[in-house]
Amino acid sequence: MTRIAVRAVTGREILAGKSDGMRDFPKFLDTVEQTPPGDTVVLDWDGIEIATASYFGATLVALLRMAMAGELDRYFIVTNLNKTCLDELKLVLEFLGLVVLLGDWKGGHIRNVLVLGTLESPYVTTLEAVQKLVCASATELHQGKHGGAVIGKTGWINRLSNLHRLRLIRKERVGREYKFHALS
Amino acid sequence: MGENVVQIRDIEHFHWQLSESECPISFSSNGGGISLAAAVELALIAAHRRDNPSEPHAKIRVARNSIWALVKESRWPLRSGCANLRDGDSTVLVLPTAADDPWWTQRISTLLADLTANGFPSHLARSLTGAVIEMVDNVWLHSEAPHPGLLAYQIRRRKLAFSVIDAGVGMLASLKKNSSLRYLSSSMEAIGKAVEPGVSRFENGGGMGFPSLFHALASLWGTARIRSGEAALMLDHTGEERSKESVYLPPLPGVHVSVRCALDPPSHFRQ
C-alpha cells in the first residue's frame, strides 16, 4: 500500500475545474506509475481546500477508468477529503455510475472503509463479506451464506468479478479458483 | 429618449424578473444604482458594440454606480489579468488568459477568505469558491474569445453576488462542436442542455461545472441566471418553492452567468 499526498503532487490547495485537472493528470499518473503494479494506492487529500467535480473528473475518475479498463494495474482508496471535496467527488461518481473506496488513514493503514458512489445492495453485501473475511473465494461465500443471501455459487462469482472490475477488491488465482482480497 | 436607451431605475427587475424585452445599448440613470449582473452584462454589450477601440464605453453615458465604475475602470476586454479593482464590497477582475496563473490563484484565495470572513461556513465558502472557479473555467475552456472574461463579485455579510462573462462563441456554437449535440438549434435549447450533468462540447467527459454550481447553491437562498445568445434561464430560490423560467431575449454574444445568494431568506419571505 502506497500513500500519495495530493498536496505534494499538485503543489496547490485549490484544485478546481477541468483545466486544473488536465494540467495535473500527468502528475498523478506519473506518481501512480512509480508504485508497483497491483499496489493499492491511497490518495491522501489532506491539505486540499477545494477540489471540484470537474477536477475529480479529469484526474481521479480518469485513473479509475484506466484501472477498470486494464490499462493501469492499481487499486485506489481516497482519504482525508473535507466535506466540500467529498460532496464534489460524490457528485461526479454518482453521475458516472462509478465507485471508489474511502477510508481513514492512520498509522500507515487504512481503516473504516466505505464505498463512495452508488453501489447496489447485493454488491455492498458481497464487499462487506470480503472485507470481514479479508480473503474469500466464491465457494467460501456460497458455503458461508454471508449476508443471509441465498444465491448460487455462480451468483457469488458474478458479484465478486464485478467488484473486482470496479477495482474494489483484488483477485488472485489460487489453484483452480480465484481468491478475492479486501484492499485495506 | 432614443430607442436604444433603457431606464436603469428598474434594472434589477430588468435583469432578474421581467421579460427583458430590450438589451440596452446605452442607458440613463435616474439616480439609482444598477445590479452587479446588469453592470457586467452592459460591459459585454459595450465591448461587443464598440466602434472606437480607444473609447470602448463611449456609448454608455452614465456611470454613477460604483460597480459600473469598476467595470469601466477595468477596461475589459482591452487588457487581461492583473486587473483587480476593489471598491468596498465590490470586486472586478479581468481574467487572465489561462487557469495556471499565480495572480489568479491569489485572487481565488482572497475570495475564499472574504466569504469565510463574511459569515459563510467554511464548507459553503469552499463550495461557492469552487463554483466561481468552475464558471470561470468554462470561459477558458469553451468561449474561444479573443479577449479574456470578466469576473465581478460583491460580498456582504452572509450574502454573495457574482457574475462571470465572456464575449466568446456562446453556448450554442460551443455545444454543437460535440457531434452528439449537433441537433441543437437554439440558444434556449443549448442552455437547457448545458446545465445537465455531463454535457459539454468535449466528447470525452466534462460538463460538471453547472452541477457543482447548483450543488453549492442548494442550501442557499437566491437566484442564478444563465444567459447566452437569445435566451436566458433563471433559477429562483427566493421563495418556498424553487422555480425555473426561460425567456427569449435579444441576442447577446458569449455567455453570462450571474448568481446572487444568501444564507438567510429574503426579507419578504421572513415576514
# chains A, B, ... in the order shown; residues from 1 in each chain; ligands from 1

$ closest_atom_pairs --of "chain A" --to "chain B" --cutoff "9 Å" --atoms "only C-alpha atoms" --output "CSV"
residue,atom,partner,partner_atom,distance
A:Ile14,CA,B:Thr105,CA,8.0
A:Leu15,CA,B:Gly130,CA,8.3
A:Ala16,CA,B:Gly130,CA,6.0
A:Gly17,CA,B:Glu134,CA,5.1
A:Lys18,CA,B:Gly206,CA,7.0
A:Ser19,CA,B:Ala99,CA,6.6
A:Asp20,CA,B:Ala99,CA,7.0
A:Arg23,CA,B:Asp100,CA,8.4
A:Glu49,CA,B:Arg126,CA,7.0
A:Ile50,CA,B:Arg126,CA,6.0
A:Ala51,CA,B:Gly130,CA,7.3
A:Thr52,CA,B:Gly130,CA,6.1
A:Ala53,CA,B:Met208,CA,6.0
A:Ser54,CA,B:Met208,CA,5.2
A:Tyr55,CA,B:Met208,CA,9.0
A:Gly57,CA,B:Gly206,CA,6.9
A:Ala58,CA,B:Gly206,CA,7.6
A:Asn82,CA,B:His123,CA,8.1
A:Lys83,CA,B:His123,CA,6.4
A:Thr84,CA,B:His123,CA,5.4
A:Cys85,CA,B:Ser127,CA,8.5
A:Asp87,CA,B:His215,CA,8.6
A:Glu88,CA,B:Ser212,CA,6.9
A:Leu91,CA,B:Ser212,CA,7.8
A:Val92,CA,B:Met208,CA,7.2
A:Phe95,CA,B:Pro197,CA,7.1
A:Leu96,CA,B:Gly198,CA,8.4

$ write_last_selection --atoms "C-alpha atoms" --output "PDB file, in the first residue's frame"
ATOM      1  CA  ILE A  14      -7.291  24.727  -4.508  1.00  0.00           C
ATOM      2  CA  LEU A  15      -7.969  22.282  -7.329  1.00  0.00           C
ATOM      3  CA  ALA A  16     -10.948  23.331  -9.356  1.00  0.00           C
ATOM      4  CA  GLY A  17     -12.131  22.978 -12.901  1.00  0.00           C
ATOM      5  CA  LYS A  18     -11.278  20.740 -15.794  1.00  0.00           C
ATOM      6  CA  SER A  19      -8.337  22.971 -16.770  1.00  0.00           C
ATOM      7  CA  ASP A  20      -6.606  22.338 -13.431  1.00  0.00           C
ATOM      8  CA  ARG A  23      -2.847  20.175 -16.010  1.00  0.00           C
ATOM      9  CA  GLU A  49      -9.178  23.104   0.495  1.00  0.00           C
ATOM     10  CA  ILE A  50     -11.212  22.791  -2.672  1.00  0.00           C
ATOM     11  CA  ALA A  51     -11.458  20.090  -5.302  1.00  0.00           C
ATOM     12  CA  THR A  52     -14.440  20.270  -7.639  1.00  0.00           C
ATOM     13  CA  ALA A  53     -16.344  17.616  -9.573  1.00  0.00           C
ATOM     14  CA  SER A  54     -14.724  18.656 -12.852  1.00  0.00           C
ATOM     15  CA  TYR A  55     -11.283  18.374 -11.293  1.00  0.00           C
ATOM     16  CA  GLY A  57     -13.441  14.017 -13.370  1.00  0.00           C
ATOM     17  CA  ALA A  58     -10.190  14.910 -15.104  1.00  0.00           C
ATOM     18  CA  ASN A  82     -13.005  17.602   3.581  1.00  0.00           C
ATOM     19  CA  LYS A  83     -16.800  17.878   3.297  1.00  0.00           C
ATOM     20  CA  THR A  84     -16.678  20.081   0.196  1.00  0.00           C
ATOM     21  CA  CYS A  85     -14.315  17.762  -1.640  1.00  0.00           C
ATOM     22  CA  ASP A  87     -19.581  16.221  -1.877  1.00  0.00           C
ATOM     23  CA  GLU A  88     -17.953  17.136  -5.183  1.00  0.00           C
ATOM     24  CA  LEU A  91     -21.411  14.321  -7.442  1.00  0.00           C
ATOM     25  CA  VAL A  92     -19.212  13.112 -10.271  1.00  0.00           C
ATOM     26  CA  PHE A  95     -23.369  10.839 -12.235  1.00  0.00           C
ATOM     27  CA  LEU A  96     -20.911   8.498 -13.943  1.00  0.00           C
TER      28      LEU A  96
END

$ residues_around --residues "stretch 31-36 of chain A" --least-positions-apart "4" --cutoff "9 Å" --atoms "only C-alpha atoms" --output "number ranges by chain"
A: 1-2, 4, 9, 26-27, 40-41, 72-74

$ select_by_dssp --residues "stretch 90-205 of chain B" --states "strand (DSSP E or B)" --output "ChimeraX atom specification"
/B:90-94,150-156,159-166

$ residues_around --residues "B:Ile165" --least-positions-apart "4" --cutoff "7 Å" --atoms "only C-alpha atoms" --output "count of residues only"
6

$ residues_around --residues "stretch 151-154 of chain A" --least-positions-apart "3" --cutoff "12 Å" --atoms "only C-alpha atoms" --output "PyMOL selection string"
chain A and resi 122+126+137-148+157-161+177

$ select_by_dssp --residues "stretch 32-265 of chain B" --states "helix (DSSP H, G or I)" --output "PyMOL selection string"
chain B and resi 36-49+66-73+102-117+122-142+170-175+179-181+187-194+209-217
